[in-house]
Amino acid sequence: MSVGELYGPLLTALGGRDERIVVVDAGLGSSMQTGQFRAAYPQRYVNLGIAEANAVGFASGLARRGLRPFVHSFSNFLARRAHDQIAISVVVAGLPVTLVAGSCGVFDGRNGPSHFAGDDLAAICAMPGMTVFEPADAVDLETTLERARASAGPNYLRLRRHGMPQTIGDSLQAREAVRVIHINSAPPIVTVVAIGAILDEVVTACRILLDEGIVPELVHVLRAKPLDEATILASARRTGRIVAIENHVAHGGCAAGIAALVAREGLRFAALTLPDDILPAGDARWLLARCGLDATSIAVRLSSLLSSWSH
Amino acid sequence: MRTQYPNVAADFARQLADRAHALRLLILRTHAAAGQGHLGSSLSIVEILVALMSSGIDTGHWAEGAPHGDRIVLSKGHAALAFYCALTQVGVVPQHALESFSRNGGELEPHPNEHTLPAVQASTGSLGQGLSIGLGLAFGSRMCGRDDSCFVILGDGELNEGQCWEAAIAAAQLQLGNLVAVVDANGFQQDGPMDEIMPIPGMAAAWRALGWETADVDGHDCSALLGTLAAVNAASTDRPKLIVARTVKGRGVPFLEHTTDSHFPPPLTEVEIAIVDQLVAKRSADVRW
């Protein structure tokens, strides 16, 4: 099921639960799948056209009137083009504006460098008081929307464009910021942290490792900021080794935050991230393979890492 | 062509001029005490602030951060000095708070920060952002079943920012008749005269073409500003309003008027402020009521 098919009904349901929700589009409503909300609540829907900076400022004004605006665009246009507007018009005041950032990183949909945001977390996580979610499945997404609705401050929702599964892992209950996903009962020898939407690739990679006799402990990060440091550290201490995997460049992402965290503990750490490179256009599967972040590549790289660490 | 509107009653006009005189002196003294500040653009918006604060705007809950009520957004945030002084003049901020202006860690920062001073309606200073916030405030008020007014003070230099034009297009489309933008058209930006850097020709005509109600007035004539506010508000309920206020950067201080150096000048001495006091008083006395 595509994230669009999931997102529209969940957003509409959210609007039904809270009359303060206002959906703001910046000319990408058809991609962001806000049409169902617009049809259900036309008085609480505004499309401001292709003008992201104005959309963010407009949302700032709405929030000051006690409303709960959800601003929609692609992650590159929000995090980069409207960065200063987010910083000054939203973050300084700590307003409850939710930025719904679609098409993150390799999950863009073959639009190429102009649309590719592999650096948005670096821009957004650096903002004081910003809460950052990256859901991996429909249960995560529903949890995230509710948390954003109830939040007193700004939120950034990093969404993939296509192919979000209904559920990954063991729980249909509301998700925590970080959860340990049980894939095997044997004692793990490495903590594998999947950040956000790349979880399904990492789950498959972990199953490949299990077939090779390597038992990982899989940890998923739904909320990249603030990071649930305790859960991640507890797992890393159990296994003594930790690898973070992220659809983002190495600089300034969530994996970089985890690196700083585990450095204090003297634990073995590595990150599998997007390369420091301008990537060519391609669909998500092709780009994941190109970046070594498809399931097979992840499994090979993890196996290799563990071999080098055991020497 | 300046828009011609009948002036308000003569005695009220005199009161307004007196308020403007007092505000100008308060700005100069606060600037002198702090030793720094954006003086030129603070002096050019004195009469705009007096007119807006005297227009019946409800400032009652500004200090409490209540979601409803009228708003002024100082989009040209570097003129915060004037805005703070105007807030003390109408009793929203205590006058002793001015002592913290531009001090390390003080609540009255060089650019308005609602985090440190809740009476500020929106944090600004990064130019071009205030009008969009104003749109949200005006639209949000209507969504909440009210029609509170939102006034946004822009600089003419600030109109170099593309976001202002995004907002101008959207305000007309959203039929925000409760939104009033006032441009402090002092003809300068930090680096010099607008004409030599990046002028905005035909501001009122351009925004009128976008669907705004517009007027072009003497920005140092409080009664003309008030009359214009009333006239544009009466003209339409669904068109946003633009008032181009023709002003002088550094207004009131002869050696700063119309100069680039007025942007961030050294403080005036007490003697200089006393001279300005007399000059402004004489200039006010020359006005035909």
# chains A, B, ... in the order shown; residues from 1 in each chain; ligands from 1

call {"tool": "interface_residues", "arguments": {"of": "chain A", "to": "chain B", "cutoff": "7 Å", "atoms": "only C-alpha atoms", "output": "list in words"}}
result
Leu48, Ala51, Ala53, Asn54, Gly57, Phe58, Ala59, Ser60, Gly61, Leu62, Arg64, Arg65, Gly66, Gln85, Ile88, Ser89, Val92 and Ala93 of chain A

call {"tool": "write_last_selection", "arguments": {"atoms": "N, CA and C atoms", "output": "tab-separated table (two decimals), in the first residue's frame"}}
result
chain	number	residue	atom	x	y	z
A	48	LEU	N	-1.88	27.22	-0.82
A	48	LEU	CA	-1.28	28.53	-1.07
A	48	LEU	C	-0.42	28.54	-2.33
A	51	ALA	N	4.62	28.09	-3.04
A	51	ALA	CA	5.20	29.18	-2.24
A	51	ALA	C	5.41	28.66	-0.81
A	53	ALA	N	7.74	29.22	1.52
A	53	ALA	CA	8.08	30.17	2.58
A	53	ALA	C	6.81	30.82	3.12
A	54	ASN	N	5.93	31.22	2.22
A	54	ASN	CA	4.67	31.83	2.64
A	54	ASN	C	3.81	30.83	3.40
A	57	GLY	N	5.06	30.61	7.00
A	57	GLY	CA	4.70	31.81	7.74
A	57	GLY	C	3.21	31.88	8.03
A	58	PHE	N	2.42	31.51	7.04
A	58	PHE	CA	0.96	31.46	7.19
A	58	PHE	C	0.58	30.51	8.34
A	59	ALA	N	1.22	29.37	8.37
A	59	ALA	CA	0.95	28.39	9.44
A	59	ALA	C	1.33	28.97	10.80
A	60	SER	N	2.41	29.74	10.82
A	60	SER	CA	2.81	30.40	12.06
A	60	SER	C	1.69	31.30	12.58
A	61	GLY	N	1.07	32.05	11.68
A	61	GLY	CA	-0.05	32.91	12.08
A	61	GLY	C	-1.24	32.11	12.56
A	62	LEU	N	-1.54	31.02	11.87
A	62	LEU	CA	-2.67	30.17	12.30
A	62	LEU	C	-2.43	29.62	13.70
A	64	ARG	N	-0.76	30.83	16.05
A	64	ARG	CA	-0.91	31.90	17.04
A	64	ARG	C	-2.37	32.16	17.39
A	65	ARG	N	-3.29	31.71	16.52
A	65	ARG	CA	-4.72	31.84	16.79
A	65	ARG	C	-5.28	30.59	17.46
A	66	GLY	N	-4.41	29.70	17.89
A	66	GLY	CA	-4.87	28.51	18.60
A	66	GLY	C	-5.16	27.33	17.70
A	85	GLN	N	12.30	30.34	7.38
A	85	GLN	CA	10.94	30.58	7.85
A	85	GLN	C	10.58	29.62	8.97
A	88	ILE	N	12.64	30.92	12.11
A	88	ILE	CA	12.27	32.19	12.74
A	88	ILE	C	10.76	32.28	13.01
A	89	SER	N	9.95	31.93	12.02
A	89	SER	CA	8.51	32.13	12.18
A	89	SER	C	7.86	31.03	13.03
A	92	VAL	N	11.39	29.79	16.86
A	92	VAL	CA	11.71	30.76	17.91
A	92	VAL	C	10.56	30.88	18.90
A	93	ALA	N	9.34	30.87	18.38
A	93	ALA	CA	8.18	30.98	19.26
A	93	ALA	C	7.74	29.62	19.81

call {"tool": "residues_around", "arguments": {"residues": "segment 295-305 of chain A", "least_positions_apart": "2", "cutoff": "9 Å", "atoms": "only C-alpha atoms", "output": "list in words"}}
result
Val192, Asp200, Glu201, Val202, Val203, Thr204, Ala205, Cys206, Arg207, Ile208, Leu209, Glu212, Ile214, Val243, Ile245, Ala270, Leu272, Leu288, Ala289, Cys291, Gly292, Leu293, Ser307, Ser308, Trp309 and Ser310 of chain A

call {"tool": "closest_residue", "arguments": {"among": "A:Val139, A:Ala148, A:Val249, A:Ala230", "to": "Asp276 of chain A", "atoms": "only C-alpha atoms"}}
result
A:Val249

call {"tool": "residues_around", "arguments": {"residues": "Ala256 of chain A", "least_positions_apart": "5", "cutoff": "10 Å", "atoms": "only C-alpha atoms", "output": "PyMOL selection string"}}
result
chain A and resi 122+244+246+249-251+261+270-271+273

call {"tool": "select_by_dssp", "arguments": {"residues": "segment 99-157 of chain A", "states": "strand (DSSP E)", "output": "PyMOL selection string"}}
result
chain A and resi 99-102+131-133+155-157

call {"tool": "write_last_selection", "arguments": {"atoms": "C-alpha atoms", "output": "tab-separated table (two decimals), in the first residue's frame"}}
result
chain	number	residue	atom	x	y	z
A	99	LEU	CA	5.66	20.13	8.79
A	100	VAL	CA	4.72	17.08	6.75
A	101	ALA	CA	7.74	16.47	4.55
A	102	GLY	CA	7.19	13.91	1.82
A	131	THR	CA	10.46	17.13	17.32
A	132	VAL	CA	11.29	14.89	14.37
A	133	PHE	CA	9.45	11.71	13.41
A	155	ASN	CA	7.06	18.84	14.55
A	156	TYR	CA	8.69	17.55	11.39
A	157	LEU	CA	7.25	14.38	9.84

call {"tool": "select_by_dssp", "arguments": {"residues": "segment 87-122 of chain B", "states": "helix (DSSP H, G or I)", "output": "list of chain:residue names"}}
result
B:Leu87, B:Thr88, B:Gln89, B:Gln95, B:His96, B:Ala97, B:Leu98, B:Glu99, B:Ser100

call {"tool": "atom_distance", "arguments": {"atom1": "atom CA of Leu28 of chain A", "atom2": "atom CA of Glu146 of chain A"}}
result
22.6 Å

call {"tool": "closest_residue", "arguments": {"among": "A:Gly252, A:Pro128, A:Pro9, A:Pro42", "to": "Gly94 of chain A", "atoms": "only C-alpha atoms"}}
result
A:Pro128

call {"tool": "residues_around", "arguments": {"residues": "Trp212 of chain B", "least_positions_apart": "5", "cutoff": "12 Å", "atoms": "only C-alpha atoms", "output": "NGL selection string"}}
result
:B and (167-181 or 203-207 or 232-233 or 235-243)

call {"tool": "write_last_selection", "arguments": {"atoms": "N, CA and C atoms", "output": "compact mmCIF listing (two decimals), in the first residue's frame"}}
result
# COMPACT_ATOMS: atom_id res chain seq x y z
N ALA B 167 3.20 36.35 -0.34
CA ALA B 167 2.13 36.67 0.62
C ALA B 167 1.12 37.64 0.01
N ALA B 168 1.62 38.59 -0.77
CA ALA B 168 0.72 39.59 -1.38
C ALA B 168 -0.28 38.91 -2.32
N ILE B 169 0.22 37.97 -3.10
CA ILE B 169 -0.65 37.24 -4.02
C ILE B 169 -1.70 36.45 -3.23
N ALA B 170 -1.23 35.77 -2.18
CA ALA B 170 -2.13 34.90 -1.42
C ALA B 170 -3.18 35.69 -0.64
N ALA B 171 -2.79 36.85 -0.10
CA ALA B 171 -3.73 37.64 0.71
C ALA B 171 -4.95 38.06 -0.11
N ALA B 172 -4.69 38.43 -1.37
CA ALA B 172 -5.81 38.82 -2.23
C ALA B 172 -6.69 37.61 -2.56
N GLN B 173 -6.04 36.49 -2.86
CA GLN B 173 -6.80 35.27 -3.18
C GLN B 173 -7.66 34.83 -2.00
N LEU B 174 -7.13 35.00 -0.78
CA LEU B 174 -7.86 34.58 0.43
C LEU B 174 -8.85 35.64 0.90
N GLN B 175 -8.90 36.77 0.20
CA GLN B 175 -9.86 37.86 0.48
C GLN B 175 -9.75 38.34 1.93
N LEU B 176 -8.53 38.62 2.34
CA LEU B 176 -8.28 38.99 3.73
C LEU B 176 -8.48 40.50 3.93
N GLY B 177 -9.73 40.89 3.99
CA GLY B 177 -10.04 42.30 4.21
C GLY B 177 -9.66 42.80 5.59
N ASN B 178 -9.35 41.88 6.50
CA ASN B 178 -8.94 42.28 7.86
C ASN B 178 -7.42 42.38 8.00
N LEU B 179 -6.72 42.38 6.86
CA LEU B 179 -5.26 42.51 6.85
C LEU B 179 -4.86 43.87 6.28
N VAL B 180 -4.04 44.59 7.02
CA VAL B 180 -3.55 45.89 6.57
C VAL B 180 -2.02 45.88 6.60
N ALA B 181 -1.42 46.10 5.45
CA ALA B 181 0.04 46.21 5.39
C ALA B 181 0.40 47.69 5.24
N MET B 203 4.87 50.58 -6.11
CA MET B 203 4.42 49.60 -5.10
C MET B 203 2.90 49.51 -5.04
N ALA B 204 2.25 50.65 -4.90
CA ALA B 204 0.79 50.64 -4.74
C ALA B 204 0.12 50.10 -6.00
N ALA B 205 0.62 50.51 -7.16
CA ALA B 205 0.01 50.05 -8.42
C ALA B 205 0.16 48.54 -8.57
N ALA B 206 1.34 48.05 -8.20
CA ALA B 206 1.59 46.61 -8.34
C ALA B 206 0.66 45.80 -7.45
N TRP B 207 0.50 46.26 -6.22
CA TRP B 207 -0.34 45.49 -5.29
C TRP B 207 -1.83 45.68 -5.61
N VAL B 232 -9.49 53.15 3.70
CA VAL B 232 -9.28 51.85 3.04
C VAL B 232 -10.12 50.77 3.68
N ASN B 233 -10.32 50.90 4.99
CA ASN B 233 -11.16 49.91 5.66
C ASN B 233 -12.61 50.02 5.20
N ALA B 235 -13.53 50.98 2.31
CA ALA B 235 -13.65 50.74 0.88
C ALA B 235 -14.02 49.30 0.55
N SER B 236 -13.58 48.36 1.34
CA SER B 236 -13.79 46.96 0.97
C SER B 236 -13.65 46.06 2.19
N THR B 237 -14.47 45.03 2.26
CA THR B 237 -14.36 44.08 3.36
C THR B 237 -13.58 42.83 2.97
N ASP B 238 -13.37 42.64 1.69
CA ASP B 238 -12.70 41.42 1.28
C ASP B 238 -11.38 41.64 0.54
N ARG B 239 -10.95 42.87 0.44
CA ARG B 239 -9.64 43.12 -0.15
C ARG B 239 -8.65 43.48 0.94
N PRO B 240 -7.46 42.87 0.94
CA PRO B 240 -6.43 43.32 1.87
C PRO B 240 -6.02 44.75 1.53
N LYS B 241 -5.47 45.45 2.52
CA LYS B 241 -5.17 46.87 2.35
C LYS B 241 -3.66 47.13 2.42
N LEU B 242 -3.19 47.95 1.50
CA LEU B 242 -1.79 48.38 1.51
C LEU B 242 -1.74 49.89 1.62
N ILE B 243 -1.02 50.37 2.63
CA ILE B 243 -0.79 51.81 2.75
C ILE B 243 0.70 52.05 2.57

call {"tool": "atom_distance", "arguments": {"atom1": "atom CA of Ala86 of chain B", "atom2": "atom CA of Leu26 of chain B"}}
result
9.0 Å
